[in-house]
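To start, the structure itself, in structure tokens.
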Amino acid sequence: MRSEAVHRALIAELAAARARSADRVPRVLDVGGGTGVWAVPLAASGCAVTVVDSSPDALATLRRRAADAGVADRVRGVQGDIETLADLVPAGEVDLVLGHDVLEFVEDPAVALCSLAEVLVPGGAVSILVSNRYAAVIHRTLAGRLDEARELLTDPAGRLGSQDGGPGRDRLLRRFDGPGLAGLLSAAGLVVETLQGDGVLSDLIPGSASTTGTGNADTAAELEAAAVGHPALLATASRLHAVGRRNVGPNL
Ligand SMILES: C[S@@+](CC[C@H](N)C(=O)[O-])C[C@H]1O[C@@H](n2cnc3c(N)ncnc32)[C@H](O)[C@@H]1O
């Protein structure tokens with residue numbers, strides 16, 4: 001159930017890429033793709049996938065996972081940094097770029113998004129998935145961790161420990177909100193076509209309620225599907241998913 005709406009958006013993008021360029025398989029670049037949670041299924045669906053990641057350990061796991069899935073020939077792992085992508089991937093050649101759960105860790109998300117936009121073919125798209133700071137506030141509050149909830153709410157980056165002067169108590173460097181994420185995509189020259197939630201209500205279902213009684217799995221999936229695009233609920237979704245397109249045009 002998790003991330004079903006994100007999967008649907010990716011499938012639609014790949015169909016559009018196949019319609020645009022029927023003579024070749026879709027080219028996907030997964031930046032910060034880690035161990036291949038997204039990359040390997042995309043390769044299995046017939047795409048040529050390049051994963052750029054700063055972690056050699058993650059890339060080793062990616063290669064094992066791709067081999068186990070029988071798609072080693074369609075997955076390429078490259079060690080590198082999102083902000084120097086231009087040295088690793090030619091501009092203007094990729095149909096779909098994934099930046100899932102990575103902008104929270106990079107030095108400058110605005111620079112990173114420009115790097116992602118540059119490698120797209122005209123008409124291609126980026127798919128960005130990020131943590132939502134307001135969901136983190138709500139989850140900390142429900143867990144009774146009120147000092148952390150207040151800090152996440154008031155810290156400019158939505159991070160724990162920003163003001164401590166050290167490396168911080170938070171593995172993330174920042175969290176996002178919907179308008180901030182949309183603004184970053186626009187600033188990178190992308191047209192924001194989708195802004196939806198992920199884990200909007202499904203992450204709030206208590207323990208066993210998603211699989212028993214009136215809260216069974218099908219109902220939970222239907223509830224989540226109804227909630228992902230709801231504007232009022234977007235503000236508190238666990239994660240935010242955006243699709244931004246590089247327009248086909250002479251100056252873009
Ligand atoms: C939370 S994992 C997400 C993995 C995958 N995208 C997913 O959704 O399952 C973050 C990944 O980003 C990578 N990463 C962090 N900073 C990076 C950077 N500046 N450039 C490239 N990769 C980076 C990490 O090595 C890690 O594999």
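Starting from 1 in every chain, residues are counted up; chains themselves are A, B, ... following the order of the structure tokens, and ligands are numbered from 1 as listed.
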inquiry  = Please find the residues contacting ligand 1 at a distance of at most 8 Å between atoms, with only C-alpha atoms and all ligand atoms counted, and report them as number ranges by chain.
reply    = A: 30-38, 52-56, 58-59, 79-83, 98-103, 105-107, 129
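Going from CA of Ser45 in chain A to CA of Asp218 in chain A covers 25.1 Å.
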Where does range 124-148 of chain A meet range 110-119 of chain A within 10 Å, residue by residue, with the nearest atom pair and distance in Å to one decimal for each, counting only C-alpha atoms, listed by chain and rising number, as CSV?
```
residue,atom,partner,partner_atom,distance
A:Gly124,CA,A:Ala117,CA,8.9
A:Ala125,CA,A:Ala117,CA,8.0
A:Val126,CA,A:Ala117,CA,7.1
A:Ser127,CA,A:Leu116,CA,9.9
A:Ile128,CA,A:Leu113,CA,9.3
```
task = Extract the full set of strand (DSSP E or B) residues from range 3-247 of chain A according to DSSP on the backbone, and format it as number ranges by chain.
result = A: 27-31, 48-53, 75-79, 94-100, 120-132, 176, 191-198, 239-245
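Around Leu14 in chain A, within 7 Å and counting only C-alpha atoms, the residues found are Leu10, Arg18 and Pro26 of chain A, once anything fewer than 4 positions away on its own chain is removed.
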Could you save those same residues with N, CA and C atoms as a tab-separated table (two decimals), in the first residue's frame?
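Output contents, as saved in selection25.tsv:
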```tsv
chain	number	residue	atom	x	y	z
A	10	LEU	N	4.85	7.22	-11.50
A	10	LEU	CA	6.03	6.77	-12.25
A	10	LEU	C	5.62	5.96	-13.47
A	18	ARG	N	7.73	6.23	-23.31
A	18	ARG	CA	7.66	5.24	-24.41
A	18	ARG	C	6.93	5.85	-25.61
A	26	PRO	N	12.86	3.39	-22.01
A	26	PRO	CA	12.97	4.63	-21.20
A	26	PRO	C	14.26	4.63	-20.38
```
query = Which residues come within 12 Å of Ala5 in chain A, counting only C-alpha atoms, excluding same-chain residues fewer than 4 positions away, as a VMD selection string?
reply = chain A and resid 1 9 to 12 127 129 194 to 200 221 to 222 224 to 229 239 to 243
Could the residues in this selection be written to a file with N, CA, C and O atoms, as a JSON list (two decimals), in the first residue's frame?
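Okay, part_4.json is ready:
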```json
[["chain", "number", "residue", "atom", "x", "y", "z"],
["A", 1, "MET", "N", 0.83, -1.20, 0.00],
["A", 1, "MET", "CA", 0.00, 0.00, 0.00],
["A", 1, "MET", "C", 0.87, 1.26, 0.00],
["A", 1, "MET", "O", 0.56, 2.23, -0.66],
["A", 9, "ALA", "N", 2.25, 7.35, -10.47],
["A", 9, "ALA", "CA", 2.80, 8.52, -11.19],
["A", 9, "ALA", "C", 4.01, 8.10, -12.03],
["A", 9, "ALA", "O", 4.18, 8.57, -13.16],
["A", 10, "LEU", "N", 4.85, 7.22, -11.50],
["A", 10, "LEU", "CA", 6.03, 6.77, -12.25],
["A", 10, "LEU", "C", 5.62, 5.96, -13.47],
["A", 10, "LEU", "O", 6.18, 6.12, -14.56],
["A", 11, "ILE", "N", 4.63, 5.09, -13.30],
["A", 11, "ILE", "CA", 4.15, 4.28, -14.43],
["A", 11, "ILE", "C", 3.63, 5.19, -15.54],
["A", 11, "ILE", "O", 3.89, 4.98, -16.72],
["A", 12, "ALA", "N", 2.90, 6.24, -15.16],
["A", 12, "ALA", "CA", 2.38, 7.18, -16.16],
["A", 12, "ALA", "C", 3.53, 7.89, -16.88],
["A", 12, "ALA", "O", 3.49, 8.09, -18.10],
["A", 127, "SER", "N", 10.86, 13.11, -10.36],
["A", 127, "SER", "CA", 9.96, 12.67, -9.29],
["A", 127, "SER", "C", 10.71, 12.86, -7.98],
["A", 127, "SER", "O", 11.78, 12.28, -7.78],
["A", 129, "LEU", "N", 10.59, 12.90, -3.78],
["A", 129, "LEU", "CA", 9.88, 12.45, -2.57],
["A", 129, "LEU", "C", 10.68, 12.93, -1.37],
["A", 129, "LEU", "O", 11.90, 12.69, -1.29],
["A", 194, "THR", "N", 2.43, 17.62, -10.41],
["A", 194, "THR", "CA", 1.82, 16.83, -9.34],
["A", 194, "THR", "C", 2.43, 17.26, -8.01],
["A", 194, "THR", "O", 3.64, 17.43, -7.92],
["A", 195, "LEU", "N", 1.58, 17.48, -7.03],
["A", 195, "LEU", "CA", 2.05, 17.65, -5.65],
["A", 195, "LEU", "C", 1.05, 16.88, -4.80],
["A", 195, "LEU", "O", -0.10, 17.29, -4.67],
["A", 196, "GLN", "N", 1.49, 15.73, -4.29],
["A", 196, "GLN", "CA", 0.57, 14.87, -3.56],
["A", 196, "GLN", "C", 1.25, 14.34, -2.30],
["A", 196, "GLN", "O", 2.47, 14.43, -2.14],
["A", 197, "GLY", "N", 0.44, 13.75, -1.43],
["A", 197, "GLY", "CA", 0.98, 13.19, -0.21],
["A", 197, "GLY", "C", 1.31, 11.72, -0.36],
["A", 197, "GLY", "O", 0.81, 11.05, -1.27],
["A", 198, "ASP", "N", 2.16, 11.23, 0.53],
["A", 198, "ASP", "CA", 2.47, 9.81, 0.62],
["A", 198, "ASP", "C", 2.42, 9.45, 2.11],
["A", 198, "ASP", "O", 3.02, 10.16, 2.93],
["A", 199, "GLY", "N", 1.70, 8.39, 2.45],
["A", 199, "GLY", "CA", 1.50, 8.09, 3.87],
["A", 199, "GLY", "C", 0.64, 9.17, 4.51],
["A", 199, "GLY", "O", 0.94, 9.65, 5.61],
["A", 200, "VAL", "N", -0.42, 9.57, 3.82],
["A", 200, "VAL", "CA", -1.24, 10.69, 4.30],
["A", 200, "VAL", "C", -2.03, 10.26, 5.54],
["A", 200, "VAL", "O", -1.93, 10.88, 6.61],
["A", 221, "ALA", "N", -6.34, 0.96, 2.13],
["A", 221, "ALA", "CA", -5.77, 1.37, 0.83],
["A", 221, "ALA", "C", -6.71, 2.36, 0.13],
["A", 221, "ALA", "O", -6.25, 3.34, -0.46],
["A", 222, "GLU", "N", -8.01, 2.09, 0.22],
["A", 222, "GLU", "CA", -8.98, 3.01, -0.41],
["A", 222, "GLU", "C", -8.96, 4.38, 0.27],
["A", 222, "GLU", "O", -9.04, 5.42, -0.38],
["A", 224, "GLU", "N", -6.43, 5.73, 1.84],
["A", 224, "GLU", "CA", -5.19, 6.42, 1.45],
["A", 224, "GLU", "C", -5.30, 6.96, 0.03],
["A", 224, "GLU", "O", -4.89, 8.10, -0.25],
["A", 225, "ALA", "N", -5.87, 6.15, -0.87],
["A", 225, "ALA", "CA", -6.00, 6.60, -2.27],
["A", 225, "ALA", "C", -6.87, 7.85, -2.36],
["A", 225, "ALA", "O", -6.60, 8.75, -3.17],
["A", 226, "ALA", "N", -7.90, 7.92, -1.51],
["A", 226, "ALA", "CA", -8.78, 9.10, -1.53],
["A", 226, "ALA", "C", -8.08, 10.32, -0.93],
["A", 226, "ALA", "O", -8.42, 11.46, -1.24],
["A", 227, "ALA", "N", -7.09, 10.06, -0.09],
["A", 227, "ALA", "CA", -6.47, 11.16, 0.66],
["A", 227, "ALA", "C", -5.25, 11.77, -0.03],
["A", 227, "ALA", "O", -4.90, 12.92, 0.23],
["A", 228, "VAL", "N", -4.59, 11.00, -0.93],
["A", 228, "VAL", "CA", -3.26, 11.45, -1.40],
["A", 228, "VAL", "C", -3.28, 12.82, -2.08],
["A", 228, "VAL", "O", -2.32, 13.58, -1.99],
["A", 229, "GLY", "N", -4.38, 13.12, -2.79],
["A", 229, "GLY", "CA", -4.41, 14.40, -3.52],
["A", 229, "GLY", "C", -5.25, 15.44, -2.81],
["A", 229, "GLY", "O", -5.52, 16.51, -3.38],
["A", 239, "ARG", "N", 5.06, 12.10, 3.83],
["A", 239, "ARG", "CA", 6.02, 12.53, 2.80],
["A", 239, "ARG", "C", 5.27, 13.30, 1.71],
["A", 239, "ARG", "O", 4.06, 13.13, 1.52],
["A", 240, "LEU", "N", 6.02, 14.12, 1.01],
["A", 240, "LEU", "CA", 5.47, 14.91, -0.09],
["A", 240, "LEU", "C", 6.08, 14.39, -1.38],
["A", 240, "LEU", "O", 7.30, 14.18, -1.46],
["A", 241, "HIS", "N", 5.22, 14.21, -2.39],
["A", 241, "HIS", "CA", 5.70, 13.74, -3.69],
["A", 241, "HIS", "C", 5.36, 14.78, -4.75],
["A", 241, "HIS", "O", 4.22, 15.21, -4.87],
["A", 242, "ALA", "N", 6.38, 15.19, -5.50],
["A", 242, "ALA", "CA", 6.18, 16.16, -6.56],
["A", 242, "ALA", "C", 6.72, 15.61, -7.87],
["A", 242, "ALA", "O", 7.75, 14.93, -7.89],
["A", 243, "VAL", "N", 6.00, 15.91, -8.94],
["A", 243, "VAL", "CA", 6.51, 15.62, -10.29],
["A", 243, "VAL", "C", 6.66, 16.96, -10.99],
["A", 243, "VAL", "O", 5.72, 17.76, -11.04]]
```
request  = Excluding range 154-168 of chain A and any residue of its chain fewer than 6 positions from it, enumerate the residues within 9 Å of it, using only C-alpha atoms, and give them as a list in words.
outcome  = Asn132, Arg133, Tyr134, Ala136, Val137, Glu148, Arg174, Arg175 and Phe176 of chain A
message = Considering only helix (DSSP H, G or I) as DSSP defines it on the backbone, what residues of range 84-170 of chain A qualify? List them as a ChimeraX atom specification.
response = /A:84-87,109-118,133-142,146-154,162-164
For the selection you just gave me, I'd like the residues written to a file as a short mmCIF file (atom, residue, chain, number, x, y, z; two decimals), in the first residue's frame, keeping N, CA, C and O atoms.
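Output (part14.cif):
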```cif
data_model
loop_
_atom_site.label_atom_id
_atom_site.label_comp_id
_atom_site.auth_asym_id
_atom_site.auth_seq_id
_atom_site.Cartn_x
_atom_site.Cartn_y
_atom_site.Cartn_z
N THR A 84 27.39 17.16 -8.30
CA THR A 84 28.34 17.12 -9.43
C THR A 84 27.86 16.14 -10.49
O THR A 84 28.65 15.52 -11.19
N LEU A 85 26.56 16.05 -10.61
CA LEU A 85 25.94 15.11 -11.54
C LEU A 85 26.39 15.36 -12.99
O LEU A 85 26.53 14.41 -13.77
N ALA A 86 26.62 16.63 -13.32
CA ALA A 86 26.99 16.98 -14.70
C ALA A 86 28.28 16.27 -15.13
O ALA A 86 28.49 16.04 -16.33
N ASP A 87 29.14 15.91 -14.16
CA ASP A 87 30.38 15.20 -14.51
C ASP A 87 30.12 13.72 -14.79
O ASP A 87 31.00 13.02 -15.31
N PRO A 109 19.67 21.88 -1.54
CA PRO A 109 18.65 21.25 -2.38
C PRO A 109 18.33 22.03 -3.66
O PRO A 109 17.96 21.42 -4.67
N ALA A 110 18.50 23.35 -3.64
CA ALA A 110 18.21 24.14 -4.85
C ALA A 110 19.23 23.81 -5.94
O ALA A 110 18.87 23.60 -7.11
N VAL A 111 20.50 23.73 -5.56
CA VAL A 111 21.56 23.35 -6.52
C VAL A 111 21.31 21.92 -7.02
O VAL A 111 21.42 21.62 -8.21
N ALA A 112 20.97 21.05 -6.09
CA ALA A 112 20.74 19.64 -6.46
C ALA A 112 19.60 19.53 -7.47
O ALA A 112 19.72 18.80 -8.46
N LEU A 113 18.52 20.26 -7.24
CA LEU A 113 17.39 20.16 -8.17
C LEU A 113 17.74 20.69 -9.55
O LEU A 113 17.28 20.16 -10.56
N CYS A 114 18.57 21.73 -9.61
CA CYS A 114 19.02 22.23 -10.92
C CYS A 114 19.82 21.15 -11.64
O CYS A 114 19.67 20.95 -12.85
N SER A 115 20.67 20.42 -10.89
CA SER A 115 21.44 19.33 -11.50
C SER A 115 20.52 18.26 -12.05
O SER A 115 20.75 17.73 -13.15
N LEU A 116 19.47 17.94 -11.30
CA LEU A 116 18.53 16.91 -11.76
C LEU A 116 17.80 17.38 -13.03
O LEU A 116 17.61 16.61 -13.98
N ALA A 117 17.40 18.65 -13.04
CA ALA A 117 16.64 19.17 -14.18
C ALA A 117 17.47 19.16 -15.46
O ALA A 117 16.96 18.92 -16.55
N GLU A 118 18.77 19.41 -15.32
CA GLU A 118 19.64 19.54 -16.50
C GLU A 118 19.78 18.26 -17.30
O GLU A 118 20.02 18.29 -18.50
N ARG A 133 7.84 18.20 7.20
CA ARG A 133 8.15 18.61 8.58
C ARG A 133 6.92 18.58 9.48
O ARG A 133 7.00 18.26 10.66
N TYR A 134 5.74 18.91 8.93
CA TYR A 134 4.54 18.98 9.79
C TYR A 134 4.07 17.60 10.23
O TYR A 134 3.50 17.44 11.32
N ALA A 135 4.32 16.59 9.37
CA ALA A 135 4.01 15.21 9.79
C ALA A 135 4.92 14.83 10.95
O ALA A 135 4.49 14.19 11.91
N ALA A 136 6.19 15.23 10.86
CA ALA A 136 7.13 14.91 11.94
C ALA A 136 6.68 15.56 13.25
O ALA A 136 6.78 14.96 14.33
N VAL A 137 6.16 16.78 13.15
CA VAL A 137 5.65 17.48 14.34
C VAL A 137 4.49 16.69 14.96
O VAL A 137 4.45 16.45 16.18
N ILE A 138 3.56 16.26 14.10
CA ILE A 138 2.37 15.55 14.59
C ILE A 138 2.77 14.20 15.22
O ILE A 138 2.30 13.84 16.30
N HIS A 139 3.66 13.47 14.53
CA HIS A 139 4.04 12.15 15.05
C HIS A 139 4.78 12.27 16.39
O HIS A 139 4.56 11.47 17.29
N ARG A 140 5.65 13.29 16.52
CA ARG A 140 6.35 13.49 17.81
C ARG A 140 5.33 13.86 18.90
O ARG A 140 5.43 13.40 20.04
N THR A 141 4.34 14.68 18.53
CA THR A 141 3.32 15.08 19.52
C THR A 141 2.53 13.86 19.99
O THR A 141 2.33 13.66 21.20
N LEU A 142 2.11 13.02 19.03
CA LEU A 142 1.32 11.83 19.39
C LEU A 142 2.13 10.87 20.25
O LEU A 142 1.57 10.11 21.05
N LEU A 146 7.17 16.10 23.28
CA LEU A 146 6.67 17.46 23.01
C LEU A 146 7.78 18.46 22.74
O LEU A 146 7.64 19.37 21.92
N ASP A 147 8.93 18.31 23.42
CA ASP A 147 10.05 19.23 23.17
C ASP A 147 10.53 19.09 21.72
O ASP A 147 10.81 20.08 21.05
N GLU A 148 10.61 17.84 21.26
CA GLU A 148 11.04 17.62 19.88
C GLU A 148 10.01 18.17 18.89
O GLU A 148 10.37 18.76 17.87
N ALA A 149 8.72 17.97 19.21
CA ALA A 149 7.67 18.48 18.32
C ALA A 149 7.79 20.00 18.18
O ALA A 149 7.72 20.54 17.07
N ARG A 150 8.00 20.67 19.31
CA ARG A 150 8.11 22.14 19.27
C ARG A 150 9.34 22.56 18.47
O ARG A 150 9.29 23.50 17.67
N GLU A 151 10.43 21.84 18.65
CA GLU A 151 11.66 22.19 17.93
C GLU A 151 11.49 21.99 16.42
O GLU A 151 11.90 22.83 15.62
N LEU A 152 10.87 20.87 16.04
CA LEU A 152 10.65 20.61 14.61
C LEU A 152 9.75 21.67 13.99
O LEU A 152 9.90 22.05 12.83
N LEU A 153 8.79 22.15 14.80
CA LEU A 153 7.84 23.15 14.30
C LEU A 153 8.50 24.51 14.12
O LEU A 153 8.21 25.24 13.18
N THR A 154 9.41 24.85 15.02
CA THR A 154 9.95 26.22 15.01
C THR A 154 11.32 26.33 14.33
O THR A 154 11.71 27.42 13.92
N SER A 162 19.51 21.78 15.15
CA SER A 162 20.14 22.79 14.29
C SER A 162 20.88 23.85 15.09
O SER A 162 21.91 24.36 14.67
N GLN A 163 20.30 24.19 16.25
CA GLN A 163 20.84 25.31 17.03
C GLN A 163 21.91 24.87 18.03
O GLN A 163 22.43 25.68 18.77
N ASP A 164 22.21 23.56 18.06
CA ASP A 164 23.14 23.07 19.08
C ASP A 164 24.60 23.38 18.78
O ASP A 164 25.46 23.24 19.62
#
```
Near Gly189 in chain A, counting only C-alpha atoms, which residues have an atom at most 8 Å away, once you skip same-chain residues fewer than 2 positions from it, shown as a PDB file with N, CA, C and O atoms, in the first residue's frame?
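Output file selection15.pdb follows:
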```pdb
ATOM      1  N   CYS A 114      18.565  21.733  -9.613  1.00  0.00           N
ATOM      2  CA  CYS A 114      19.017  22.231 -10.925  1.00  0.00           C
ATOM      3  C   CYS A 114      19.820  21.145 -11.636  1.00  0.00           C
ATOM      4  O   CYS A 114      19.672  20.947 -12.850  1.00  0.00           O
ATOM      5  N   ALA A 117      17.400  18.650 -13.040  1.00  0.00           N
ATOM      6  CA  ALA A 117      16.636  19.172 -14.182  1.00  0.00           C
ATOM      7  C   ALA A 117      17.473  19.163 -15.461  1.00  0.00           C
ATOM      8  O   ALA A 117      16.957  18.917 -16.552  1.00  0.00           O
ATOM      9  N   LEU A 185      11.192  23.352  -7.145  1.00  0.00           N
ATOM     10  CA  LEU A 185      11.077  22.793  -8.498  1.00  0.00           C
ATOM     11  C   LEU A 185      10.932  23.925  -9.523  1.00  0.00           C
ATOM     12  O   LEU A 185      11.578  23.905 -10.572  1.00  0.00           O
ATOM     13  N   SER A 186      10.097  24.899  -9.196  1.00  0.00           N
ATOM     14  CA  SER A 186       9.900  26.026 -10.126  1.00  0.00           C
ATOM     15  C   SER A 186      11.207  26.776 -10.332  1.00  0.00           C
ATOM     16  O   SER A 186      11.547  27.161 -11.462  1.00  0.00           O
ATOM     17  N   ALA A 187      11.952  26.977  -9.250  1.00  0.00           N
ATOM     18  CA  ALA A 187      13.222  27.709  -9.361  1.00  0.00           C
ATOM     19  C   ALA A 187      14.225  26.955 -10.226  1.00  0.00           C
ATOM     20  O   ALA A 187      15.141  27.564 -10.801  1.00  0.00           O
ATOM     21  N   VAL A 191       8.073  22.621 -14.400  1.00  0.00           N
ATOM     22  CA  VAL A 191       6.656  22.896 -14.207  1.00  0.00           C
ATOM     23  C   VAL A 191       6.106  21.834 -13.253  1.00  0.00           C
ATOM     24  O   VAL A 191       6.200  20.637 -13.528  1.00  0.00           O
ATOM     25  N   ARG A 246      10.252  19.146 -17.414  1.00  0.00           N
ATOM     26  CA  ARG A 246      11.015  20.067 -18.258  1.00  0.00           C
ATOM     27  C   ARG A 246      10.201  20.292 -19.527  1.00  0.00           C
ATOM     28  O   ARG A 246       9.953  19.363 -20.294  1.00  0.00           O
ATOM     29  N   LEU A 252      14.039  26.299 -23.081  1.00  0.00           N
ATOM     30  CA  LEU A 252      14.123  25.533 -21.837  1.00  0.00           C
ATOM     31  C   LEU A 252      15.004  24.320 -22.001  1.00  0.00           C
ATOM     32  O   LEU A 252      15.263  23.866 -23.090  1.00  0.00           O
TER      33      LEU A 252
END
```
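Considering only C-alpha atoms, the residue among A:Ile205, A:Leu172, A:Val97, A:Ala188 positioned nearest to Val28 in chain A is A:Val97.
Distances to Val49 in chain A were evaluated for A:Arg171, A:Arg145, A:Arg63, A:Arg8 using only C-alpha atoms, and the minimum falls at A:Arg63.
Picture a line from CA of Thr236 in chain A to CA of Pro179 in chain A; it runs 12.6 Å.
Atom pair CA of Glu104 in chain A / CA of Val121 in chain A has a distance of 25.3 Å (rounded to one decimal).
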task = Choose the residue, out of A:Asp57, A:Asp203, A:Ala48, A:Asp23, that has the smallest atom-to-atom separation from Ala72 in chain A; count only C-alpha atoms.
result = A:Ala48
